[in-house]
2 protein chains.
Amino acid sequence: MMLDSETKAVELPDDHADELRLWLRLLTCTNLIEGEVRGRLRERFDVTLPRFDLMAQLDKAPDGMTLSDVSKRMMVSNGNVTGLVERLVESGHLDRRTSETDRRVQVIRLTKSGRAEFRKMAAEHQTWISDMFGDLSPKDVRELMRLLAKTKGSVQKSARRRAGEAR
Amino acid sequence: MMLDSETKAVELPDDHADELRLWLRLLTCTNLIEGEVRGRLRERFDVTLPRFDLMAQLDKAPDGMTLSDVSKRMMVSNGNVTGLVERLVESGHLDRRTSETDRRVQVIRLTKSGRAEFRKMAAEHQTWISDMFGDLSPKDVRELMRLLAKTKGSVQKSARRRAGEAR
DNA sequence: CCGAATTTCTTTAGGCTTCAAGTAATTGGC
DNA sequence: GCCAATTACTTGAAGCCTAAAGAAATTCGG
């Protein structure tokens with residue numbers, strides 16, 4: 001049983017409604033943006049969001065990444081990455097080779113043309129995002145960054161608590 | 001952003017990097033929470049998140065909803081709802097009938113047992129969310145709500161601009 | 001009334017995603 | 001060296017999801 005050492009003096013009688021509303025609003029915002037990005041990527045470049053995300057990871061790693069690295073970074077399952085990579089190699093965006101030192105490991109990189117194509121997409125993508133956040137002042141942006149960082153930490157702590165319980 | 005290795009890396013004057021970082025952080029937070037909720041729903045109730053979300057919509061509508069209503073509320077495609085509803089009717093959680101006044105329309109409701117099961121899940125779900133946001137003060141929560149509302153408005157405005165352009 | 005346009009839902013094809021089980025390669029204790 | 005455990009990835013089954021095309025019912029202008 002988990003006990004919080006920092007006990008709040010008075011907790012309102014189990015009112016968790018605010019947090020729930022916050023979560024729903026967070027989800028709505030993300031879905032709105034994600035849907036918009038998805039649609040624009042398809043419309044402008046005929047590419048899916050997962051493909052774009054994978055290429056974005058690889059663009060930051062000139063020496064390539066293993067499938068496990070990608071899986072962790074993208075927070076998706078291993079099997080998922082296998083399929084995604086398969087299709088991107090097929091279409092010539094990715095290059096894949098078995099590691100010299102560990103034959104279990106597959107190292108993937110962007111091909112030259114894959115990288116060029118990604119850079120074009122990324123530049124436009126960034127302007128879309130900037131446009132979508134257009135109404136927020138620089139101060140709003142900073143404040144949101146701060147609060148989301150705090151949120152992330154809080155969620156991770158909670159997730160660790162749960163993972164710990166499962167022992 | 002880095003340019004081609006042959007070219008010199010240049011920071012463009014109109015820098016949108018902050019907004020991009022904000023978007024990535026927002027996405028990370030949402031994914032973390034969503035993944036956690038997904039895992040707990042599966043573990044505790046052997047139910048998927050989309051099923052839970054659909055039941056949540058119906059719980060708020062005692063008189064039922066049409067598939068189109070659900071589709072709009074959940075921000076997913078029509079065809080998606082068709083399949084989701086099919087499986088939930090199959091499992092006895094939902095009741096589905098054709099509207100008396102318009103035979104194109106399907107009205108779906110929670111069954112008695114479906115509602116009971118949902119209420120149990122929802123109660124626990126709310127405590128998970130509350131726990132995950134546990135490190136945020138009431139003031140943080142309010143501030144996040146405010147900023148996300150502003151963000152939502154900004155994104156919708158941008159989306160309308162795009163939709164308008166497509167004429 | 002008639003037919004064109006619209007609305008509601010379903011179907012289809014393809015892709016994404018997870019979990020769980022399986023295979024292959026490596027590591028580490030003995 | 002040997003073999004059990006671990007790690008990296010793949011496969012398979014099921015479900016989720018979208019866009020696009022299609023079917024059925026309704027609405028509305030003329």
# chains A, B, ... in the order shown; residues from 1 in each chain; ligands from 1
>>> calpha_fit_rmsd(fixed="chain B", moving="chain A")
6.4 Å
>>> select_by_dssp(residues="chain B", states="alpha helix (DSSP H)", output="MDAnalysis selection string")
chainID B and resid 17:45 49:59 67:74 78:90 112:132 138:165
>>> residues_around(residues="range 37-52 of chain B", least_positions_apart="4", cutoff="12 Å", atoms="only C-alpha atoms (C1' of nucleotides)", output="ChimeraX atom specification")
/A:23,155,158-159,162-163,166 /B:30-33,56-59,70-71,74-76,80-81,83-89,91,93-94,110,114-115,117-132 /C:18-19 /D:14-17
>>> closest_residue(among="C:DG3, C:DT23, C:DG28, C:DC16", to="chain A", atoms="only C-alpha atoms (C1' of nucleotides)")
C:DC16
>>> residues_around(residues="DT6 in chain D", least_positions_apart="3", cutoff="12 Å", atoms="only C-alpha atoms (C1' of nucleotides)", output="PyMOL selection string")
chain C and resi 25-28
>>> write_last_selection(atoms="N, CA and C atoms (P, O5', C5', C4', C3', O3' and C1' of nucleotides)", output="PDB file, in the first residue's frame")
ATOM      1  P    DA C  25      21.498 -16.685 -35.992  1.00  0.00           P
ATOM      2  O5'  DA C  25      22.014 -15.768 -34.795  1.00  0.00           O
ATOM      3  C5'  DA C  25      21.882 -14.354 -34.913  1.00  0.00           C
ATOM      4  C4'  DA C  25      22.349 -13.735 -33.634  1.00  0.00           C
ATOM      5  C3'  DA C  25      23.761 -14.149 -33.202  1.00  0.00           C
ATOM      6  O3'  DA C  25      24.530 -12.960 -33.096  1.00  0.00           O
ATOM      7  C1'  DA C  25      22.202 -14.370 -31.405  1.00  0.00           C
ATOM      8  P    DT C  26      26.017 -13.006 -32.586  1.00  0.00           P
ATOM      9  O5'  DT C  26      25.847 -12.711 -31.043  1.00  0.00           O
ATOM     10  C5'  DT C  26      25.193 -11.498 -30.643  1.00  0.00           C
ATOM     11  C4'  DT C  26      25.071 -11.449 -29.143  1.00  0.00           C
ATOM     12  C3'  DT C  26      26.396 -11.584 -28.380  1.00  0.00           C
ATOM     13  O3'  DT C  26      26.533 -10.407 -27.595  1.00  0.00           O
ATOM     14  C1'  DT C  26      24.703 -12.956 -27.438  1.00  0.00           C
ATOM     15  P    DT C  27      27.837 -10.187 -26.688  1.00  0.00           P
ATOM     16  O5'  DT C  27      27.306 -10.647 -25.271  1.00  0.00           O
ATOM     17  C5'  DT C  27      26.089 -10.111 -24.780  1.00  0.00           C
ATOM     18  C4'  DT C  27      25.822 -10.648 -23.386  1.00  0.00           C
ATOM     19  C3'  DT C  27      27.044 -10.699 -22.472  1.00  0.00           C
ATOM     20  O3'  DT C  27      26.678 -10.147 -21.226  1.00  0.00           O
ATOM     21  C1'  DT C  27      25.997 -12.827 -22.575  1.00  0.00           C
ATOM     22  P    DG C  28      27.728  -9.818 -20.113  1.00  0.00           P
ATOM     23  O5'  DG C  28      27.428 -10.965 -19.044  1.00  0.00           O
ATOM     24  C5'  DG C  28      26.071 -11.309 -18.725  1.00  0.00           C
ATOM     25  C4'  DG C  28      26.086 -12.515 -17.803  1.00  0.00           C
ATOM     26  C3'  DG C  28      27.311 -12.588 -16.896  1.00  0.00           C
ATOM     27  O3'  DG C  28      26.918 -13.227 -15.689  1.00  0.00           O
ATOM     28  C1'  DG C  28      27.279 -14.467 -18.272  1.00  0.00           C
TER      29       DG C  28
END
>>> closest_residue(among="A:Val141, A:Gly153, A:Ser77, A:Leu147", to="chain C", atoms="only C-alpha atoms (C1' of nucleotides)")
A:Ser77
>>> select_by_dssp(residues="range 4-129 of chain A", states="strand (DSSP E or B)", output="ChimeraX atom specification")
/A:65-66,94-98,106-110
>>> residues_around(residues="DA20 in chain D", least_positions_apart="5", cutoff="12 Å", atoms="only C-alpha atoms (C1' of nucleotides)", output="ChimeraX atom specification")
/B:77,79 /C:11-14
>>> residues_around(residues="DT8 in chain C", least_positions_apart="5", cutoff="10 Å", atoms="only C-alpha atoms (C1' of nucleotides)", output="PyMOL selection string")
(chain B and resi 66-68+78+102-106) or (chain D and resi 24-26)
>>> write_last_selection(atoms="all heavy atoms", output="CSV table (one decimal), in the first residue's frame")
chain,number,residue,atom,x,y,z
B,66,THR,N,-26.8,8.7,-32.3
B,66,THR,CA,-26.7,8.1,-33.6
B,66,THR,C,-25.2,7.9,-33.9
B,66,THR,O,-24.4,8.4,-33.2
B,66,THR,CB,-27.2,9.1,-34.7
B,66,THR,OG1,-26.3,10.2,-34.8
B,66,THR,CG2,-28.6,9.6,-34.4
B,67,LEU,N,-24.9,7.0,-34.9
B,67,LEU,CA,-23.5,6.7,-35.2
B,67,LEU,C,-22.8,8.0,-35.6
B,67,LEU,O,-21.6,8.2,-35.2
B,67,LEU,CB,-23.4,5.7,-36.3
B,67,LEU,CG,-24.0,4.3,-36.0
B,67,LEU,CD1,-23.3,3.3,-36.8
B,67,LEU,CD2,-23.9,4.0,-34.5
B,68,SER,N,-23.5,8.9,-36.3
B,68,SER,CA,-22.8,10.1,-36.7
B,68,SER,C,-22.4,11.0,-35.5
B,68,SER,O,-21.4,11.6,-35.5
B,68,SER,CB,-23.7,10.9,-37.6
B,68,SER,OG,-23.9,10.3,-38.8
B,78,ASN,N,-16.5,7.5,-39.8
B,78,ASN,CA,-17.8,6.8,-39.7
B,78,ASN,C,-17.5,5.3,-39.7
B,78,ASN,O,-18.1,4.6,-38.9
B,78,ASN,CB,-18.6,7.2,-40.9
B,78,ASN,CG,-19.6,8.3,-40.5
B,78,ASN,OD1,-19.7,8.7,-39.4
B,78,ASN,ND2,-20.1,8.9,-41.6
B,102,ASP,N,-36.5,7.9,-39.2
B,102,ASP,CA,-35.5,8.0,-40.3
B,102,ASP,C,-34.8,6.7,-40.4
B,102,ASP,O,-33.9,6.4,-39.6
B,102,ASP,CB,-34.6,9.2,-40.1
B,102,ASP,CG,-33.6,9.4,-41.3
B,102,ASP,OD1,-33.4,8.5,-42.1
B,102,ASP,OD2,-33.1,10.5,-41.4
B,103,ARG,N,-35.1,5.9,-41.4
B,103,ARG,CA,-34.6,4.6,-41.4
B,103,ARG,C,-33.1,4.5,-41.8
B,103,ARG,O,-32.6,3.4,-41.9
B,103,ARG,CB,-35.5,3.7,-42.4
B,103,ARG,CG,-36.7,3.2,-41.6
B,103,ARG,CD,-37.5,2.4,-42.6
B,103,ARG,NE,-38.0,3.2,-43.7
B,103,ARG,CZ,-38.7,2.7,-44.7
B,103,ARG,NH1,-39.0,1.4,-44.7
B,103,ARG,NH2,-39.1,3.5,-45.7
B,104,ARG,N,-32.5,5.6,-42.1
B,104,ARG,CA,-31.0,5.6,-42.3
B,104,ARG,C,-30.3,5.6,-41.0
B,104,ARG,O,-29.2,5.1,-40.9
B,104,ARG,CB,-30.6,6.9,-43.0
B,104,ARG,CG,-31.0,7.0,-44.5
B,104,ARG,CD,-30.7,8.4,-45.0
B,104,ARG,NE,-31.4,9.4,-44.1
B,104,ARG,CZ,-31.3,10.7,-44.4
B,104,ARG,NH1,-30.6,11.1,-45.4
B,104,ARG,NH2,-31.9,11.6,-43.6
B,105,VAL,N,-31.0,6.1,-39.9
B,105,VAL,CA,-30.3,6.3,-38.7
B,105,VAL,C,-30.3,5.1,-37.7
B,105,VAL,O,-31.4,4.5,-37.5
B,105,VAL,CB,-31.0,7.5,-38.0
B,105,VAL,CG1,-30.4,7.7,-36.6
B,105,VAL,CG2,-30.8,8.8,-38.8
B,106,GLN,N,-29.2,4.8,-37.1
B,106,GLN,CA,-29.1,3.8,-36.1
B,106,GLN,C,-28.9,4.5,-34.8
B,106,GLN,O,-28.0,5.3,-34.6
B,106,GLN,CB,-27.9,2.9,-36.4
B,106,GLN,CG,-27.8,2.2,-37.7
B,106,GLN,CD,-28.8,1.1,-37.8
B,106,GLN,OE1,-28.9,0.3,-36.8
B,106,GLN,NE2,-29.5,1.0,-38.8
D,24,DA,P,-29.3,-0.9,-51.7
D,24,DA,OP1,-29.7,-2.3,-51.4
D,24,DA,OP2,-29.5,-0.3,-53.0
D,24,DA,O5',-30.0,0.1,-50.6
D,24,DA,C5',-29.8,-0.1,-49.2
D,24,DA,C4',-30.3,1.1,-48.5
D,24,DA,O4',-29.5,2.2,-48.8
D,24,DA,C3',-31.7,1.5,-48.9
D,24,DA,O3',-32.5,1.5,-47.7
D,24,DA,C2',-31.6,2.8,-49.6
D,24,DA,C1',-30.3,3.4,-48.9
D,24,DA,N9,-29.6,4.3,-49.7
D,24,DA,C8,-29.1,4.2,-51.0
D,24,DA,N7,-28.4,5.3,-51.4
D,24,DA,C5,-28.4,6.1,-50.3
D,24,DA,C6,-27.8,7.4,-50.1
D,24,DA,N6,-27.1,8.0,-51.0
D,24,DA,N1,-27.9,7.9,-48.9
D,24,DA,C2,-28.6,7.2,-47.9
D,24,DA,N3,-29.2,6.0,-48.0
D,24,DA,C4,-29.1,5.5,-49.3
D,25,DA,P,-34.1,1.8,-47.8
D,25,DA,OP1,-34.6,0.9,-46.7
D,25,DA,OP2,-34.5,1.7,-49.2
D,25,DA,O5',-34.2,3.3,-47.3
D,25,DA,C5',-33.7,3.6,-46.0
D,25,DA,C4',-33.7,5.1,-45.8
D,25,DA,O4',-32.8,5.7,-46.7
D,25,DA,C3',-35.1,5.7,-46.1
D,25,DA,O3',-35.5,6.3,-44.9
D,25,DA,C2',-34.8,6.7,-47.2
D,25,DA,C1',-33.3,6.9,-47.2
D,25,DA,N9,-32.7,7.1,-48.5
D,25,DA,C8,-32.6,6.3,-49.6
D,25,DA,N7,-31.9,6.8,-50.6
D,25,DA,C5,-31.5,8.0,-50.1
D,25,DA,C6,-30.6,9.0,-50.7
D,25,DA,N6,-30.1,8.9,-51.9
D,25,DA,N1,-30.3,10.1,-50.0
D,25,DA,C2,-30.8,10.1,-48.7
D,25,DA,N3,-31.6,9.3,-48.0
D,25,DA,C4,-31.9,8.2,-48.8
D,26,DT,P,-36.8,7.2,-44.8
D,26,DT,OP1,-37.3,7.2,-43.4
D,26,DT,OP2,-37.8,6.8,-45.9
D,26,DT,O5',-36.3,8.6,-45.2
D,26,DT,C5',-35.3,9.2,-44.3
D,26,DT,C4',-34.9,10.6,-44.8
D,26,DT,O4',-34.3,10.4,-46.1
D,26,DT,C3',-36.1,11.6,-45.0
D,26,DT,O3',-35.8,12.7,-44.2
D,26,DT,C2',-36.1,11.9,-46.5
D,26,DT,C1',-34.6,11.6,-46.9
D,26,DT,N1,-34.4,11.2,-48.3
D,26,DT,C2,-33.6,11.9,-49.1
D,26,DT,O2,-33.0,13.0,-48.7
D,26,DT,N3,-33.4,11.5,-50.4
D,26,DT,C4,-33.9,10.4,-50.9
D,26,DT,O4,-33.7,10.1,-52.1
D,26,DT,C5,-34.8,9.6,-50.1
D,26,DT,C7,-35.5,8.4,-50.6
D,26,DT,C6,-35.0,10.0,-48.8
>>> closest_atom_pairs(of="chain D", to="chain A", cutoff="9 Å", atoms="only C-alpha atoms (C1' of nucleotides)", output="Markdown table")
| residue | atom | partner | partner_atom | distance |
| --- | --- | --- | --- | --- |
| D:DT7 | C1' | A:Arg104 | CA | 8.5 |
| D:DA8 | C1' | A:Arg104 | CA | 5.4 |
| D:DC9 | C1' | A:Arg104 | CA | 6.9 |
| D:DT10 | C1' | A:Gly79 | CA | 7.2 |
| D:DT11 | C1' | A:Gly79 | CA | 8.5 |
>>> closest_residue(among="C:DA24, C:DC30, C:DC9, C:DC2", to="DG29 in chain D", atoms="only C-alpha atoms (C1' of nucleotides)")
C:DC2
